[in-house]
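One file, work03.txt, carrying compact mmCIF, C-alpha atoms:
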```
# COMPACT_ATOMS: atom_id res chain seq x y z
CA MET A 1 2.30 -17.79 70.40
CA THR A 2 -1.02 -19.45 69.66
CA ALA A 3 -4.13 -17.68 68.38
CA ALA A 4 -5.71 -18.02 71.83
CA GLN A 5 -2.70 -16.43 73.52
CA LEU A 6 -2.67 -13.70 70.91
CA LEU A 7 -6.34 -12.91 71.51
CA GLU A 8 -5.62 -12.78 75.25
CA ALA A 9 -2.93 -10.19 74.55
CA VAL A 10 -5.40 -8.27 72.39
CA ARG A 11 -8.00 -8.24 75.20
CA ALA A 12 -5.55 -7.35 77.97
CA PRO A 13 -6.61 -4.10 79.61
CA GLY A 14 -4.85 -0.84 78.91
CA ALA A 15 -5.34 -0.24 75.20
CA ARG A 16 -7.98 1.77 73.37
CA VAL A 17 -7.14 0.27 69.99
CA VAL A 18 -5.17 -2.86 69.13
CA LEU A 19 -3.51 -3.65 65.83
CA VAL A 20 -2.14 -7.14 65.14
CA ASN A 21 0.23 -7.64 62.23
CA VAL A 22 1.19 -11.14 61.10
CA TYR A 23 4.27 -10.97 58.89
CA ALA A 24 7.27 -12.97 57.76
CA THR A 25 10.77 -11.60 57.23
CA TRP A 26 11.05 -13.15 53.76
CA CYS A 27 7.68 -11.75 52.60
CA GLY A 28 8.08 -8.74 50.26
CA PRO A 29 4.77 -6.98 50.99
CA CYS A 30 5.33 -7.57 54.73
CA ARG A 31 8.73 -5.89 54.57
CA GLU A 32 7.29 -3.11 52.44
CA GLU A 33 4.52 -2.16 54.87
CA PHE A 34 6.49 -2.74 58.07
CA PRO A 35 7.97 0.80 58.40
CA ASP A 36 4.44 2.23 58.20
CA LEU A 37 3.33 -0.01 61.06
CA VAL A 38 6.33 0.92 63.18
CA LYS A 39 5.64 4.60 62.52
CA LEU A 40 1.98 4.17 63.47
CA GLU A 41 2.97 2.48 66.70
CA ARG A 42 5.29 5.34 67.59
CA ASN A 43 2.77 8.03 66.71
CA TYR A 44 -0.27 6.46 68.37
CA ARG A 45 1.17 4.54 71.33
CA VAL A 46 0.56 7.45 73.72
CA LYS A 47 -3.01 7.78 72.44
CA GLY A 48 -3.78 4.19 73.35
CA LEU A 49 -2.68 2.04 70.39
CA ARG A 50 -1.26 -1.38 71.25
CA MET A 51 0.63 -2.90 68.33
CA ILE A 52 1.26 -6.65 68.36
CA PHE A 53 3.70 -8.01 65.80
CA VAL A 54 3.56 -11.77 65.19
CA SER A 55 6.13 -13.37 62.93
CA ALA A 56 5.04 -16.39 60.92
CA ASP A 57 8.68 -17.29 60.28
CA ASP A 58 9.75 -20.77 61.23
CA GLU A 59 11.40 -21.05 64.63
CA ASP A 60 14.84 -21.68 63.12
CA ARG A 61 14.67 -18.22 61.57
CA LEU A 62 14.53 -16.50 64.94
CA PRO A 63 17.93 -14.81 64.42
CA ALA A 64 16.66 -13.33 61.13
CA VAL A 65 13.48 -12.16 62.87
CA LYS A 66 15.52 -10.48 65.62
CA ARG A 67 17.73 -8.78 63.01
CA PHE A 68 14.69 -7.61 61.07
CA LEU A 69 13.06 -6.12 64.16
CA ALA A 70 16.30 -4.47 65.26
CA ASN A 71 16.78 -2.95 61.80
CA HIS A 72 13.34 -1.38 62.14
CA GLY A 73 14.08 -0.15 65.65
CA VAL A 74 11.41 -2.33 67.23
CA THR A 75 12.23 -2.82 70.90
CA MET A 76 8.85 -3.78 72.38
CA PRO A 77 7.99 -7.45 72.93
CA THR A 78 7.01 -9.24 69.73
CA PHE A 79 5.97 -12.82 69.07
CA LEU A 80 6.54 -15.85 66.90
CA LYS A 81 3.63 -18.00 65.72
CA ALA A 82 3.78 -21.34 67.51
CA GLN A 83 0.79 -23.30 66.25
CA GLN A 84 -0.26 -25.25 63.17
CA ASP A 85 -1.28 -22.88 60.38
CA MET A 86 -4.95 -23.83 60.13
CA GLU A 87 -5.56 -23.66 63.87
CA PHE A 88 -3.76 -20.35 64.09
CA ILE A 89 -5.57 -18.83 61.10
CA ASN A 90 -9.04 -19.97 62.11
CA GLY A 91 -8.41 -19.18 65.77
CA LEU A 92 -7.43 -15.64 64.95
CA GLU A 93 -9.79 -14.74 62.10
CA PRO A 94 -11.85 -17.38 60.30
CA ARG A 95 -12.27 -15.11 57.24
CA TRP A 96 -8.49 -14.94 56.78
CA ASP A 97 -7.22 -17.38 54.17
CA GLY A 98 -3.63 -17.42 55.41
CA SER A 99 -2.10 -14.97 52.91
CA LEU A 100 0.68 -12.85 54.33
CA PRO A 101 0.80 -10.19 55.56
CA ALA A 102 -2.41 -9.91 57.56
CA THR A 103 -3.34 -6.97 59.76
CA LEU A 104 -6.24 -7.05 62.20
CA LEU A 105 -7.80 -4.16 64.07
CA TYR A 106 -9.58 -4.50 67.42
CA ASP A 107 -11.23 -2.00 69.71
CA GLY A 108 -10.18 -1.60 73.33
CA ALA A 109 -12.56 -4.35 74.42
CA GLY A 110 -10.90 -6.76 72.01
CA LYS A 111 -13.76 -6.80 69.52
CA PRO A 112 -12.59 -7.33 65.91
CA ARG A 113 -13.27 -4.19 63.88
CA ASP A 114 -11.46 -4.62 60.57
CA TYR A 115 -8.83 -6.69 58.82
CA TRP A 116 -6.58 -6.47 55.81
CA VAL A 117 -5.03 -9.33 53.89
CA GLY A 118 -1.97 -8.39 51.89
CA MET A 119 -0.13 -5.12 52.13
CA THR A 120 -1.74 -2.07 53.65
CA ASP A 121 -0.35 1.39 54.40
CA TYR A 122 -0.05 4.16 56.95
CA ASN A 123 -2.93 6.33 55.76
CA THR A 124 -5.46 3.49 55.53
CA LEU A 125 -4.66 2.26 59.02
CA GLU A 126 -4.38 5.72 60.54
CA GLN A 127 -7.85 6.62 59.32
CA LYS A 128 -9.34 3.52 60.96
CA ILE A 129 -7.35 3.99 64.17
CA LYS A 130 -8.40 7.63 64.47
CA ALA A 131 -12.06 6.70 63.97
CA LEU A 132 -11.83 4.02 66.66
CA LEU A 133 -10.06 6.37 69.07
CA GLU A 134 -12.85 8.89 68.60
CA GLU A 135 -15.39 6.20 69.50
CA THR A 136 -13.47 5.27 72.64
CA PRO A 137 -13.20 8.06 75.20
CA MET B 138 7.06 -0.44 43.78
CA LYS B 139 4.96 0.34 46.85
CA GLN B 140 2.09 1.61 44.73
CA LYS B 141 2.31 -1.50 42.58
CA LEU B 142 2.19 -3.79 45.60
CA LEU B 143 -0.76 -1.86 47.02
CA ILE B 144 -2.60 -2.32 43.74
CA ALA B 145 -1.73 -6.02 43.95
CA TRP B 146 -3.23 -6.10 47.44
CA LEU B 147 -6.41 -4.34 46.34
CA ALA B 148 -6.74 -6.87 43.53
CA ALA B 149 -6.20 -9.71 45.99
CA VAL B 150 -8.96 -8.41 48.27
CA ALA B 151 -11.31 -7.96 45.31
CA VAL B 152 -10.48 -11.47 44.11
CA SER B 153 -11.03 -13.08 47.49
CA ALA B 154 -14.64 -11.94 47.46
CA TYR B 155 -15.18 -14.38 44.56
CA ALA B 156 -13.38 -17.39 46.03
CA LEU B 157 -14.65 -20.69 44.67
CA LYS B 158 -16.78 -22.78 46.98
CA ILE B 159 -16.98 -26.55 47.23
CA GLY B 160 -19.36 -27.76 44.53
CA ASP B 161 -18.74 -24.81 42.23
CA PRO B 162 -17.99 -25.64 38.60
CA MET B 163 -14.47 -25.19 37.28
CA PRO B 164 -14.26 -21.64 35.95
CA ALA B 165 -12.06 -20.13 33.26
CA THR B 166 -11.78 -23.35 31.28
CA ASP B 167 -11.14 -21.36 28.11
CA VAL B 168 -8.49 -18.99 29.51
CA LYS B 169 -5.28 -19.34 27.53
CA LEU B 170 -2.32 -20.44 29.61
CA THR B 171 1.21 -20.04 28.29
CA GLY B 172 3.64 -22.92 28.10
CA GLU B 173 7.20 -23.23 26.90
CA GLY B 174 7.78 -21.81 23.43
CA GLY B 175 4.61 -19.72 23.78
CA LYS B 176 2.35 -22.74 23.36
CA GLN B 177 -1.18 -21.90 24.51
CA THR B 178 -3.28 -24.41 26.48
CA THR B 179 -6.60 -24.21 28.32
CA LEU B 180 -7.95 -26.03 31.35
CA ALA B 181 -10.55 -27.59 29.06
CA GLU B 182 -7.71 -29.36 27.27
CA LEU B 183 -6.04 -30.46 30.51
CA LYS B 184 -9.07 -31.98 32.24
CA GLY B 185 -8.64 -35.57 33.37
CA LYS B 186 -11.12 -38.42 33.01
CA ARG B 187 -11.39 -38.87 36.79
CA GLY B 188 -10.76 -35.29 37.86
CA THR B 189 -8.46 -32.29 37.59
CA LEU B 190 -5.94 -30.86 40.00
CA VAL B 191 -5.05 -27.19 39.57
CA ILE B 192 -2.25 -25.83 41.73
CA ILE B 193 -1.70 -22.10 41.79
CA THR B 194 1.93 -21.73 42.74
CA CYS B 195 5.08 -19.78 41.95
CA ASN B 196 8.87 -19.92 42.02
CA SER B 197 9.44 -17.19 44.59
CA CYS B 198 7.35 -17.93 47.68
CA PRO B 199 9.16 -19.87 50.42
CA TYR B 200 5.98 -21.83 51.15
CA ALA B 201 5.59 -22.81 47.48
CA VAL B 202 9.25 -23.79 47.35
CA ALA B 203 8.99 -25.78 50.58
CA TRP B 204 5.99 -27.73 49.28
CA GLU B 205 7.26 -28.04 45.71
CA ARG B 206 8.83 -31.52 45.97
CA ARG B 207 5.61 -32.90 47.45
CA ILE B 208 3.51 -31.12 44.81
CA VAL B 209 5.69 -32.53 42.03
CA ASP B 210 5.66 -36.04 43.47
CA LEU B 211 1.88 -35.99 43.88
CA GLY B 212 1.33 -34.47 40.45
CA ASN B 213 3.72 -36.90 38.73
CA ASP B 214 1.90 -39.80 40.36
CA TRP B 215 -1.70 -38.72 39.82
CA VAL B 216 -1.22 -37.53 36.25
CA THR B 217 -0.73 -41.23 35.40
CA LYS B 218 -4.05 -42.10 37.08
CA ASP B 219 -6.45 -40.21 34.83
CA ILE B 220 -6.26 -37.02 36.90
CA GLY B 221 -5.44 -33.93 34.87
CA VAL B 222 -2.72 -32.04 36.72
CA VAL B 223 -1.49 -28.52 36.07
CA ALA B 224 0.59 -26.06 38.04
CA ILE B 225 -0.03 -22.43 37.24
CA ASN B 226 2.10 -19.40 37.99
CA ALA B 227 -0.06 -16.27 38.08
CA ASN B 228 2.38 -13.83 39.67
CA ASP B 229 3.09 -10.66 37.74
CA PRO B 230 6.80 -10.99 36.88
CA THR B 231 7.23 -7.22 36.88
CA ILE B 232 6.49 -7.34 40.62
CA SER B 233 8.14 -10.71 41.19
CA PRO B 234 10.98 -11.18 38.64
CA SER B 235 11.65 -14.74 39.87
CA ASP B 236 8.33 -15.67 38.32
CA ALA B 237 9.27 -14.71 34.76
CA LEU B 238 8.12 -17.14 32.06
CA GLU B 239 11.57 -18.55 31.28
CA LYS B 240 12.27 -19.11 34.99
CA THR B 241 8.96 -20.93 35.41
CA PHE B 242 9.63 -23.30 32.51
CA ALA B 243 13.24 -23.82 33.59
CA ARG B 244 12.05 -24.74 37.06
CA ALA B 245 9.61 -27.32 35.72
CA LYS B 246 12.50 -28.97 33.85
CA LYS B 247 14.90 -28.79 36.75
CA GLU B 248 12.41 -30.27 39.21
CA PHE B 249 11.22 -32.97 36.78
CA TYR B 250 7.58 -31.94 36.45
CA LYS B 251 5.74 -34.56 34.39
CA PHE B 252 2.72 -32.28 34.15
CA PRO B 253 2.49 -28.78 32.72
CA TYR B 254 3.71 -25.77 34.70
CA LEU B 255 2.10 -22.89 32.86
CA ALA B 256 1.89 -19.13 33.19
CA ASP B 257 -1.41 -17.32 33.63
CA THR B 258 -0.07 -14.19 31.98
CA THR B 259 -3.42 -12.40 31.98
CA GLN B 260 -4.11 -13.54 35.57
CA ALA B 261 -7.67 -14.21 34.37
CA LEU B 262 -7.63 -17.80 35.58
CA ALA B 263 -6.32 -16.99 39.06
CA LYS B 264 -8.90 -14.22 39.40
CA ALA B 265 -11.74 -16.47 38.23
CA PHE B 266 -10.65 -19.06 40.81
CA GLY B 267 -10.53 -16.38 43.50
CA ALA B 268 -6.99 -17.53 44.24
CA THR B 269 -5.22 -15.31 46.74
CA LYS B 270 -2.00 -17.05 47.66
CA THR B 271 0.64 -19.55 46.68
CA PRO B 272 0.50 -22.45 46.88
CA GLU B 273 -3.25 -23.02 46.65
CA CYS B 274 -4.70 -26.33 45.46
CA PHE B 275 -8.04 -26.85 43.70
CA LEU B 276 -9.27 -30.38 42.98
CA PHE B 277 -12.25 -30.93 40.70
CA ASP B 278 -14.13 -34.18 40.17
CA ALA B 279 -14.84 -35.79 36.80
CA ASN B 280 -17.84 -33.48 36.35
CA GLY B 281 -15.70 -30.42 36.93
CA LYS B 282 -17.11 -29.62 40.40
CA LEU B 283 -14.74 -28.39 43.09
CA VAL B 284 -14.27 -31.10 45.72
CA TYR B 285 -11.14 -29.89 47.55
CA HIS B 286 -9.59 -26.47 48.10
CA GLY B 287 -6.62 -25.64 50.24
CA ALA B 288 -3.21 -26.81 51.30
CA VAL B 289 -1.06 -29.77 50.31
CA ASP B 290 -0.69 -30.96 53.91
CA ASP B 291 -0.30 -29.63 57.43
CA ASN B 292 3.46 -29.01 57.56
CA HIS B 293 5.16 -26.98 54.84
CA LYS B 294 8.51 -27.09 56.52
CA ASP B 295 9.15 -30.74 57.28
CA PRO B 296 7.62 -33.56 55.23
CA SER B 297 8.59 -36.04 57.95
CA LYS B 298 6.36 -34.22 60.44
CA VAL B 299 3.24 -34.16 58.29
CA LYS B 300 0.25 -35.55 60.14
CA LYS B 301 -2.52 -34.69 57.71
CA ARG B 302 -2.04 -35.24 53.97
CA TYR B 303 -5.06 -33.20 52.92
CA LEU B 304 -4.52 -33.18 49.16
CA SER B 305 -3.38 -36.78 48.92
CA ASP B 306 -6.37 -37.91 51.01
CA ALA B 307 -8.72 -35.91 48.78
CA LEU B 308 -7.21 -37.45 45.62
CA ASN B 309 -7.54 -40.96 47.05
CA ALA B 310 -11.12 -40.34 48.12
CA LEU B 311 -11.97 -38.93 44.71
CA ARG B 312 -10.46 -41.94 42.98
CA HIS B 313 -12.45 -44.38 45.11
CA GLY B 314 -15.70 -42.42 44.89
CA LYS B 315 -15.65 -41.63 48.61
CA GLU B 316 -16.48 -38.43 50.41
CA ILE B 317 -13.52 -36.05 50.64
CA PRO B 318 -12.40 -36.27 54.30
CA VAL B 319 -11.54 -32.58 54.68
CA ALA B 320 -12.76 -30.53 51.73
CA GLU B 321 -11.38 -27.15 52.75
CA THR B 322 -8.13 -26.40 54.54
CA LYS B 323 -5.97 -23.38 55.19
CA ALA B 324 -2.27 -22.72 55.41
CA MET B 325 -0.03 -19.70 55.33
CA GLY B 326 1.03 -18.57 51.89
CA CYS B 327 2.33 -15.64 49.88
CA SER B 328 -0.24 -13.29 48.44
CA ILE B 329 -0.44 -13.58 44.64
CA LYS B 330 1.23 -10.65 42.93
CA TYR B 331 -1.70 -9.28 40.95
CA ARG B 332 -0.97 -6.34 38.71
```

The structure given in the file should be rewritten as structure tokens.
Amino acid sequence: MTAAQLLEAVRAPGARVVLVNVYATWCGPCREEFPDLVKLERNYRVKGLRMIFVSADDEDRLPAVKRFLANHGVTMPTFLKAQQDMEFINGLEPRWDGSLPATLLYDGAGKPRDYWVGMTDYNTLEQKIKALLEETP
Amino acid sequence: MKQKLLIAWLAAVAVSAYALKIGDPMPATDVKLTGEGGKQTTLAELKGKRGTLVIITCNSCPYAVAWERRIVDLGNDWVTKDIGVVAINANDPTISPSDALEKTFARAKKEFYKFPYLADTTQALAKAFGATKTPECFLFDANGKLVYHGAVDDNHKDPSKVKKRYLSDALNALRHGKEIPVAETKAMGCSIKYR
């Protein structure tokens, strides 16, 4: 998936809040925060949260990515980055320096609202998601 | 562990607010860096006549490992051309045990580094540079001004598929007194494990 395709998925109708998480299976902080993201998705999906997981693993690690997602019980469609790093990074969020993990929050119209570089956690994200949901009837 | 990593993240965010910009002077030139046998060195002592290349890297990040051979080859070459070259591991080894001092020095020997691979045990240098990830390259000119910041090249995975040799191009331009073709680049990397 390219940054442009990812932003299309963010802007697709039907969500009130969108969270994008760029991770890699070998990245410690990514693995550490992942259960919190999965839990958020489960708890807020019905309220309008669309979670988009994008793996930055190399293509030849696809089996490891599939195992990782299965171990976390993720069954929804997820994506693999398929673009040169700099184009992907700048296309998605020019302020992002490329450190993993990265988590980006958008409102239902696809407008960027917040982003985190490095590990984040359930409570931090939940607070922001709740605030955005309150803004969006 | 989770709390420790979260603190590391908060530190990384705080650090990124102070990221060096092109033209900025080399900071932290007096910060003591630890070498083998506990020998202390500073950037001031490592500066080269024509410029200085500082690479913030580590032993544990797959990106750093993938780029390592190219970093070592470049460093081994340019250190003979009046460019000061130093690799610096700033990861907290209590969070990332693979980045312990003895492992860092052993790696430098094993991979035939002909330039110092030192530990920033206080993390003061990495913080002053605003470094957030590994590997991250900083090239300074002879006057100590930042002229290049970013990635080694545009393909961490496969050296044979590299199309843009950002760091090498910057070093060549610096040597010949030309404008750096691309002064700032980005690539994926592992967040530095700040304590």

### Task
Would you kindly return, as an NGL selection string, each protein, DNA or RNA residue with an atom no farther than 12 Å from any atom of Arg45 in chain A, considering only C-alpha atoms and excluding same-chain residues fewer than 6 positions away?
:A and (14-19 or 37-39 or 51-52 or 76 or 129 or 133)

Go ahead and dump the residues you just picked, C-alpha atoms, as a tab-separated table (two decimals), keeping the file's coordinate frame.
```tsv
chain	number	residue	atom	x	y	z
A	14	GLY	CA	-4.85	-0.84	78.91
A	15	ALA	CA	-5.34	-0.24	75.20
A	16	ARG	CA	-7.98	1.77	73.37
A	17	VAL	CA	-7.14	0.27	69.99
A	18	VAL	CA	-5.17	-2.86	69.13
A	19	LEU	CA	-3.51	-3.65	65.83
A	37	LEU	CA	3.33	-0.01	61.06
A	38	VAL	CA	6.33	0.92	63.18
A	39	LYS	CA	5.64	4.60	62.52
A	51	MET	CA	0.63	-2.90	68.33
A	52	ILE	CA	1.26	-6.65	68.36
A	76	MET	CA	8.85	-3.78	72.38
A	129	ILE	CA	-7.35	3.99	64.17
A	133	LEU	CA	-10.06	6.37	69.07
```

### Task
Taking only C-alpha atoms into account, report as a PyMOL selection string which residues of chain A lie within 6 Å of chain B.
chain A and resi 85-86+98-100+118-119

### Query
So how many Å separate CA of Gln127 in chain A and CA of Lys66 in chain A, to one decimal?
29.6 Å

### Task
Can you pull out every residue within 10 Å of Lys130 in chain A, counting all atoms listed in the file, but drop anything in the same chain fewer than 5 positions away, and send it as a ChimeraX atom specification?
/A:17,44,47,49,125,135-136

### Message
Between CA of Val284 in chain B and CA of Ile159 in chain B, what is the distance in Å, rounded to a tenth?
### Response
5.5 Å

### Query
For Lys128 in chain A, which residue out of A:Trp116, A:Leu105, A:Gly73, A:Leu40 is the nearest one, using all atoms listed in the file?
A:Leu105

### Separation of CA of Thr103 in chain A from CA of Val20 in chain A in Å
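Taking CA of Val20 in chain A as the start and CA of Thr103 in chain A as the end point, the length is 5.5 Å.
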
Each residue of range 174-217 of chain B with at least one atom at most 8 Å from range 296-320 of chain B should appear once, together with its nearest atom pair and the corresponding distance in Å (one decimal); atoms considered: only C-alpha atoms; ordering: chain, then increasing residue number; output as a Markdown table.
```
| residue | atom | partner | partner_atom | distance |
| --- | --- | --- | --- | --- |
| B:Arg187 | CA | B:Arg312 | CA | 7.0 |
| B:Gly188 | CA | B:Leu311 | CA | 7.9 |
| B:Leu211 | CA | B:Ser305 | CA | 7.3 |
```

### Query
Leaving out Arg11 in chain A and any residue of its chain fewer than 5 positions from it, which residues lie within 8 Å of it when counting all atoms listed in the file, given as a PyMOL selection string?
chain A and resi 108-110

#### Entry: Option closest in space to Asn228 in chain B, from B:Thr179, B:Asn213, B:Asn280, B:Thr259 [counting all atoms listed in the file]
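Nearest candidate to Asn228 in chain B out of B:Thr179, B:Asn213, B:Asn280, B:Thr259: B:Thr259.
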
### Task
Mind checking which residues fall within 10 Å of Val74 in chain A, counting all atoms listed in the file, ignoring those fewer than 4 positions away in the same chain, and posting them as a VMD selection string?
chain A and resid 35 38 41 to 42 53 66 to 70 78
